[in-house]
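Q: Quick one: the structure is below, and I'll ask about it shortly.
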Amino acid sequence: PGPPTAIKEPYRPIPSGAISEGEVYFQIYALLLSGLGLAVGLDVWAAHEWPVIVLVASIGIFLAYIYSAPPLKLKANGWTGTFALGSSYIALPWWCGHAMFDAQSITPQEVVLTLLYSIAGLGIAIVNDFKSIEGDTALGMNSLPVAFGIDTAKWICVGAIDVTQLGVAAYLYSIGELRYAAILLALILPQMFSQLTFVQDPVANDVKYQAAAQPFLVFGILTTAIAIGHHTF
């Protein structure tokens with residue numbers, strides 16, 4: 001957590017001083033090395049000819065670094081920062097999971113679909129920005145709630161989540177995966193219902209919305225993955 005968190009949530013471990021800077025770096029490097037070690041082990045276990053899971057993990061590490069570190073510091077821009085998070089939520093885990101079973105069967109259509117699906121993850125990332133608007137404003141972080149205001153950003157947020165998933169459902173329908181398209185649509189509807197409360201006050205209702213809606217989003221991603229695995233391109 002950076003300076004915006006220190007302003008909005010000073011009780012959290014790093015801003016409050018509950019853990020030292022040295023302990024923070026220890027955790028960073030421990031997670032970095034253990035993650036890479038696990039990726040290497042999974043590549044060996046899956047008998048990959050080249051280390052595809054290490055590659056995916058390395059992309060994730062690179063995104064994590066440029067998200068917070070200058071000169072790129074993606075989180076300083078609402079669009080690039082939230083899409084980086086969205087792709088980390090959706091595209092990268094999908095690629096890693098597929099690679100574990102059969103890396104050679106990943107298709108260009110699947111890569112494009114997951115990157116577009118990550119726009120829904122962008123919407124989820126915006127949900128987290130509402131509670132940090134005070135700190136982001138003070139430090140010049142141009143998150144979407146800061147750039148557009150809460151009233152506009154909340155519609156960008158739910159629009160990114162809903163339009164993306166509806167587009168994916170339409171795509172599944174177009175390629176003949178009607179059953180999976182119907183299941184995905186059924187999983188989108190509860191999310192829309194939860195948004196009725198969320199848009200009334202995004203700052204107060206952000207945690208409640210995520211608890212109520214995100215399980216349906218995740219099961220929708222799983223449904224789409226099964227549909228793509230079932231389909232022959």
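Residue numbers start at 1 in each chain; chains themselves are named A, B, ... in the order of the structure tokens; ligands are numbered from 1 in the order shown.
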Which residues are close to A:Ile228, i.e. within 10 Å by only C-alpha atoms, leaving aside same-chain residues fewer than 4 positions away? Reply as JSON, numbers by chain.

A: {"A": [107, 109, 110, 113, 172, 175, 177, 180, 222, 223, 224, 232, 233]}

Q: Kindly save the residues from that selection, with N, CA and C atoms included, as a compact mmCIF listing (two decimals), in the first residue's frame.

A:
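Output below, filename part.txt:
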# COMPACT_ATOMS: atom_id res chain seq x y z
N THR A 107 -4.99 -20.85 -28.29
CA THR A 107 -5.22 -20.27 -29.61
C THR A 107 -5.15 -18.75 -29.57
N GLN A 109 -7.35 -16.80 -30.71
CA GLN A 109 -8.69 -16.35 -30.33
C GLN A 109 -8.83 -16.30 -28.80
N GLU A 110 -8.24 -17.27 -28.14
CA GLU A 110 -8.32 -17.34 -26.68
C GLU A 110 -7.54 -16.21 -26.03
N LEU A 113 -9.57 -13.07 -26.56
CA LEU A 113 -10.76 -13.11 -25.72
C LEU A 113 -10.43 -12.78 -24.27
N LEU A 172 -20.00 -16.34 -27.36
CA LEU A 172 -20.23 -17.77 -27.18
C LEU A 172 -21.46 -18.22 -27.97
N ILE A 175 -20.61 -18.57 -31.73
CA ILE A 175 -19.80 -19.74 -32.15
C ILE A 175 -20.52 -21.06 -31.85
N GLU A 177 -21.95 -22.08 -28.93
CA GLU A 177 -21.93 -22.60 -27.56
C GLU A 177 -23.11 -22.00 -26.79
N TYR A 180 -23.55 -22.62 -22.85
CA TYR A 180 -22.63 -21.84 -22.03
C TYR A 180 -22.96 -20.35 -22.08
N LEU A 222 -15.10 -18.98 -15.37
CA LEU A 222 -14.95 -20.43 -15.44
C LEU A 222 -15.85 -21.02 -16.51
N THR A 223 -17.09 -20.55 -16.57
CA THR A 223 -18.02 -21.02 -17.60
C THR A 223 -17.48 -20.76 -18.99
N THR A 224 -16.94 -19.56 -19.19
CA THR A 224 -16.39 -19.21 -20.50
C THR A 224 -15.18 -20.08 -20.83
N THR A 232 -14.17 -26.35 -30.77
CA THR A 232 -13.08 -26.61 -31.71
C THR A 232 -13.00 -25.45 -32.70
N PHE A 233 -11.87 -24.75 -32.67
CA PHE A 233 -11.70 -23.60 -33.57
C PHE A 233 -11.12 -24.07 -34.91

Q: As a list in words, please: the residues near A:Gln191 (cut-off 9 Å, only C-alpha atoms, same-chain neighbours under 6 positions excluded).

A: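 Counting only the stated atoms, we get Ile161, Asp162, Tyr209, Ala212, Ala213, Gln214, Phe216 and Leu217 of chain A.
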
Q: Grab the residues selected above and save them as a tab-separated table (two decimals), in the first residue's frame with C-alpha atoms.

A:
chain	number	residue	atom	x	y	z
A	161	ILE	CA	-18.14	-5.17	-16.10
A	162	ASP	CA	-21.53	-5.71	-17.74
A	209	TYR	CA	-20.83	-5.17	-3.86
A	212	ALA	CA	-22.13	-10.17	-3.48
A	213	ALA	CA	-21.16	-9.92	-7.15
A	214	GLN	CA	-17.61	-11.18	-7.64
A	216	PHE	CA	-20.75	-14.70	-10.06
A	217	LEU	CA	-18.09	-12.95	-12.14

Q: Could you tell me, as a PyMOL selection string, which residues of stretch 128-207 of chain A DSSP assigns to alpha helix (DSSP H) when given the backbone?

A: chain A and resi 128-129+133-138+144-148+150-174+178-198+202-207

Q: Within 12 Å of A:Lys73, counting only C-alpha atoms, which residues qualify if same-chain residues fewer than 2 places away don't, as a JSON list (two decimals) with N, CA and C atoms, in the first residue's frame?

A:
[["chain", "number", "residue", "atom", "x", "y", "z"],
["A", 62, "PHE", "N", 6.50, -8.32, -14.00],
["A", 62, "PHE", "CA", 6.80, -7.06, -14.69],
["A", 62, "PHE", "C", 5.64, -6.08, -14.53],
["A", 63, "LEU", "N", 4.41, -6.57, -14.70],
["A", 63, "LEU", "CA", 3.24, -5.70, -14.52],
["A", 63, "LEU", "C", 3.16, -5.15, -13.10],
["A", 64, "ALA", "N", 3.46, -6.03, -12.14],
["A", 64, "ALA", "CA", 3.41, -5.59, -10.73],
["A", 64, "ALA", "C", 4.43, -4.49, -10.48],
["A", 65, "TYR", "N", 5.59, -4.60, -11.11],
["A", 65, "TYR", "CA", 6.65, -3.59, -10.90],
["A", 65, "TYR", "C", 6.27, -2.27, -11.56],
["A", 66, "ILE", "N", 5.88, -2.31, -12.84],
["A", 66, "ILE", "CA", 5.59, -1.05, -13.53],
["A", 66, "ILE", "C", 4.27, -0.44, -13.06],
["A", 67, "TYR", "N", 3.45, -1.22, -12.37],
["A", 67, "TYR", "CA", 2.21, -0.67, -11.81],
["A", 67, "TYR", "C", 2.52, 0.40, -10.77],
["A", 68, "SER", "N", 3.56, 0.16, -9.96],
["A", 68, "SER", "CA", 3.85, 1.08, -8.85],
["A", 68, "SER", "C", 5.10, 1.91, -9.03],
["A", 69, "ALA", "N", 6.04, 1.43, -9.87],
["A", 69, "ALA", "CA", 7.37, 2.06, -9.92],
["A", 69, "ALA", "C", 7.49, 3.02, -11.10],
["A", 70, "PRO", "N", 8.18, 4.14, -10.90],
["A", 70, "PRO", "CA", 8.46, 5.02, -12.02],
["A", 70, "PRO", "C", 9.50, 4.37, -12.93],
["A", 71, "PRO", "N", 9.61, 4.76, -14.21],
["A", 71, "PRO", "CA", 8.93, 5.91, -14.80],
["A", 71, "PRO", "C", 7.51, 5.64, -15.30],
["A", 75, "LYS", "N", -0.32, 2.89, -12.20],
["A", 75, "LYS", "CA", -1.44, 3.24, -11.32],
["A", 75, "LYS", "C", -1.70, 4.75, -11.26],
["A", 76, "ALA", "N", -0.76, 5.54, -11.77],
["A", 76, "ALA", "CA", -0.97, 6.99, -11.79],
["A", 76, "ALA", "C", -2.01, 7.39, -12.83],
["A", 77, "ASN", "N", -2.29, 6.47, -13.78],
["A", 77, "ASN", "CA", -3.30, 6.72, -14.81],
["A", 77, "ASN", "C", -4.44, 5.72, -14.62],
["A", 78, "GLY", "N", -5.64, 6.22, -14.55],
["A", 78, "GLY", "CA", -6.77, 5.35, -14.25],
["A", 78, "GLY", "C", -6.98, 4.24, -15.25],
["A", 79, "TRP", "N", -6.76, 4.50, -16.53],
["A", 79, "TRP", "CA", -7.01, 3.49, -17.55],
["A", 79, "TRP", "C", -5.94, 2.41, -17.57],
["A", 80, "THR", "N", -4.67, 2.83, -17.62],
["A", 80, "THR", "CA", -3.60, 1.83, -17.70],
["A", 80, "THR", "C", -3.47, 1.03, -16.41],
["A", 81, "GLY", "N", -3.64, 1.70, -15.27],
["A", 81, "GLY", "CA", -3.51, 1.01, -14.00],
["A", 81, "GLY", "C", -4.58, -0.04, -13.80],
["A", 82, "THR", "N", -5.83, 0.32, -14.07],
["A", 82, "THR", "CA", -6.91, -0.63, -13.85],
["A", 82, "THR", "C", -6.89, -1.77, -14.87],
["A", 84, "ALA", "N", -4.14, -3.01, -16.19],
["A", 84, "ALA", "CA", -3.06, -3.88, -15.73],
["A", 84, "ALA", "C", -3.55, -4.81, -14.63],
["A", 141, "MET", "N", -2.84, 11.25, -8.08],
["A", 141, "MET", "CA", -3.06, 9.99, -8.77],
["A", 141, "MET", "C", -4.36, 10.09, -9.56],
["A", 142, "ASN", "N", -4.25, 9.95, -10.88],
["A", 142, "ASN", "CA", -5.40, 10.22, -11.74],
["A", 142, "ASN", "C", -6.26, 8.97, -11.94]]

Q: Given the choices A:Gly17, A:Gly149, A:Gly123, A:Gly229, which gets closest to A:Trp94 if the distance is worked out from only C-alpha atoms?

A: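 The closest residue to A:Trp94 is A:Gly229.
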
Q: Between A:Val199, A:Tyr29, A:Arg179, A:Val163, which residue has the minimum interatomic distance to A:His230, considering only C-alpha atoms?

A: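 Residue with the minimum atom-to-atom distance to A:His230: A:Arg179.
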
Q: From the list A:Phe198, A:Tyr173, A:Tyr117, A:Tyr89, which residue is nearest A:Ala160 when using only C-alpha atoms?

A: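 Nearest candidate to A:Ala160 out of A:Phe198, A:Tyr173, A:Tyr117, A:Tyr89: A:Tyr117.
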
Q: Give the answer as one residue: which of A:Ile126, A:Ala57, A:Ala91, A:Ala181 has the shortest atom-to-atom distance to A:Val111, using only C-alpha atoms?

A: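 Smallest distance to A:Val111 is found for A:Ala91.
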
Q: Looking at A:Gly35, A:Pro190, A:Gly176, A:Gly159, which one is nearest to A:Ala227, with distances taken over only C-alpha atoms?

A: A:Gly176

Q: Name the closest residue to A:Leu85 among the candidates A:Ile221, A:Ala103, A:Ala120, A:Leu189; distances are taken between atoms, counting only C-alpha atoms.

A: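 Closest candidate: A:Ala120.
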
Q: Which residues, written as number ranges by chain, have at least one atom at most 12 Å from A:Val44, with only C-alpha atoms counted and residues fewer than 6 positions away on the same chain left out?

A: A: 37-38, 50-54, 100

Q: With all heavy atoms retained, write the just-selected residues as a PDB file, in the first residue's frame.

A:
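Result file result_16.pdb:
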ATOM      1  N   GLY A  37       9.999 -19.906  -8.342  1.00  0.00           N
ATOM      2  CA  GLY A  37      10.345 -21.300  -8.083  1.00  0.00           C
ATOM      3  C   GLY A  37       9.180 -22.234  -8.361  1.00  0.00           C
ATOM      4  O   GLY A  37       9.353 -23.313  -8.955  1.00  0.00           O
ATOM      5  N   LEU A  38       7.988 -21.815  -7.950  1.00  0.00           N
ATOM      6  CA  LEU A  38       6.791 -22.612  -8.219  1.00  0.00           C
ATOM      7  C   LEU A  38       6.536 -22.706  -9.720  1.00  0.00           C
ATOM      8  O   LEU A  38       6.181 -23.782 -10.232  1.00  0.00           O
ATOM      9  CB  LEU A  38       5.593 -21.992  -7.515  1.00  0.00           C
ATOM     10  CG  LEU A  38       4.244 -22.706  -7.695  1.00  0.00           C
ATOM     11  CD1 LEU A  38       4.316 -24.134  -7.168  1.00  0.00           C
ATOM     12  CD2 LEU A  38       3.133 -21.929  -6.987  1.00  0.00           C
ATOM     13  N   TRP A  50       9.439 -25.476 -23.484  1.00  0.00           N
ATOM     14  CA  TRP A  50       9.974 -24.175 -23.086  1.00  0.00           C
ATOM     15  C   TRP A  50       9.132 -23.657 -21.927  1.00  0.00           C
ATOM     16  O   TRP A  50       7.968 -24.028 -21.790  1.00  0.00           O
ATOM     17  CB  TRP A  50      10.001 -23.192 -24.261  1.00  0.00           C
ATOM     18  CG  TRP A  50       8.677 -22.900 -24.884  1.00  0.00           C
ATOM     19  CD1 TRP A  50       7.978 -23.652 -25.771  1.00  0.00           C
ATOM     20  CD2 TRP A  50       7.871 -21.724 -24.668  1.00  0.00           C
ATOM     21  NE1 TRP A  50       6.795 -23.055 -26.115  1.00  0.00           N
ATOM     22  CE2 TRP A  50       6.702 -21.872 -25.464  1.00  0.00           C
ATOM     23  CE3 TRP A  50       8.023 -20.577 -23.877  1.00  0.00           C
ATOM     24  CZ2 TRP A  50       5.712 -20.904 -25.489  1.00  0.00           C
ATOM     25  CZ3 TRP A  50       7.016 -19.622 -23.905  1.00  0.00           C
ATOM     26  CH2 TRP A  50       5.895 -19.794 -24.710  1.00  0.00           C
ATOM     27  N   PRO A  51       9.727 -22.829 -21.066  1.00  0.00           N
ATOM     28  CA  PRO A  51       9.087 -22.489 -19.777  1.00  0.00           C
ATOM     29  C   PRO A  51       7.948 -21.489 -19.893  1.00  0.00           C
ATOM     30  O   PRO A  51       8.059 -20.331 -19.498  1.00  0.00           O
ATOM     31  CB  PRO A  51      10.249 -21.929 -18.963  1.00  0.00           C
ATOM     32  CG  PRO A  51      11.152 -21.319 -19.985  1.00  0.00           C
ATOM     33  CD  PRO A  51      11.061 -22.231 -21.190  1.00  0.00           C
ATOM     34  N   VAL A  52       6.803 -21.951 -20.384  1.00  0.00           N
ATOM     35  CA  VAL A  52       5.682 -21.055 -20.636  1.00  0.00           C
ATOM     36  C   VAL A  52       5.115 -20.486 -19.334  1.00  0.00           C
ATOM     37  O   VAL A  52       4.721 -19.305 -19.282  1.00  0.00           O
ATOM     38  CB  VAL A  52       4.589 -21.784 -21.453  1.00  0.00           C
ATOM     39  CG1 VAL A  52       4.083 -23.003 -20.724  1.00  0.00           C
ATOM     40  CG2 VAL A  52       3.432 -20.846 -21.774  1.00  0.00           C
ATOM     41  N   ILE A  53       5.070 -21.289 -18.278  1.00  0.00           N
ATOM     42  CA  ILE A  53       4.514 -20.783 -17.019  1.00  0.00           C
ATOM     43  C   ILE A  53       5.464 -19.766 -16.385  1.00  0.00           C
ATOM     44  O   ILE A  53       5.024 -18.766 -15.801  1.00  0.00           O
ATOM     45  CB  ILE A  53       4.206 -21.950 -16.062  1.00  0.00           C
ATOM     46  CG1 ILE A  53       3.094 -22.806 -16.665  1.00  0.00           C
ATOM     47  CG2 ILE A  53       3.778 -21.430 -14.684  1.00  0.00           C
ATOM     48  CD1 ILE A  53       2.702 -24.011 -15.837  1.00  0.00           C
ATOM     49  N   VAL A  54       6.762 -19.975 -16.522  1.00  0.00           N
ATOM     50  CA  VAL A  54       7.733 -18.974 -16.063  1.00  0.00           C
ATOM     51  C   VAL A  54       7.534 -17.673 -16.840  1.00  0.00           C
ATOM     52  O   VAL A  54       7.622 -16.577 -16.268  1.00  0.00           O
ATOM     53  CB  VAL A  54       9.170 -19.490 -16.211  1.00  0.00           C
ATOM     54  CG1 VAL A  54      10.179 -18.366 -15.965  1.00  0.00           C
ATOM     55  CG2 VAL A  54       9.437 -20.639 -15.242  1.00  0.00           C
ATOM     56  N   MET A 100      -0.924 -25.248 -17.979  1.00  0.00           N
ATOM     57  CA  MET A 100      -0.677 -26.409 -17.140  1.00  0.00           C
ATOM     58  C   MET A 100      -1.182 -27.695 -17.789  1.00  0.00           C
ATOM     59  O   MET A 100      -0.599 -28.766 -17.618  1.00  0.00           O
ATOM     60  CB  MET A 100      -1.366 -26.237 -15.782  1.00  0.00           C
ATOM     61  CG  MET A 100      -0.557 -25.484 -14.761  1.00  0.00           C
ATOM     62  SD  MET A 100       1.009 -26.313 -14.408  1.00  0.00           S
ATOM     63  CE  MET A 100       0.418 -27.903 -13.822  1.00  0.00           C
TER      64      MET A 100
END

Q: Tell me, in Å to one decimal, how far atom CA of A:Pro145 is from atom CA of A:Ala204.

A: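 Taking atom CA of A:Pro145 and atom CA of A:Ala204, their separation equals 14.1 Å.
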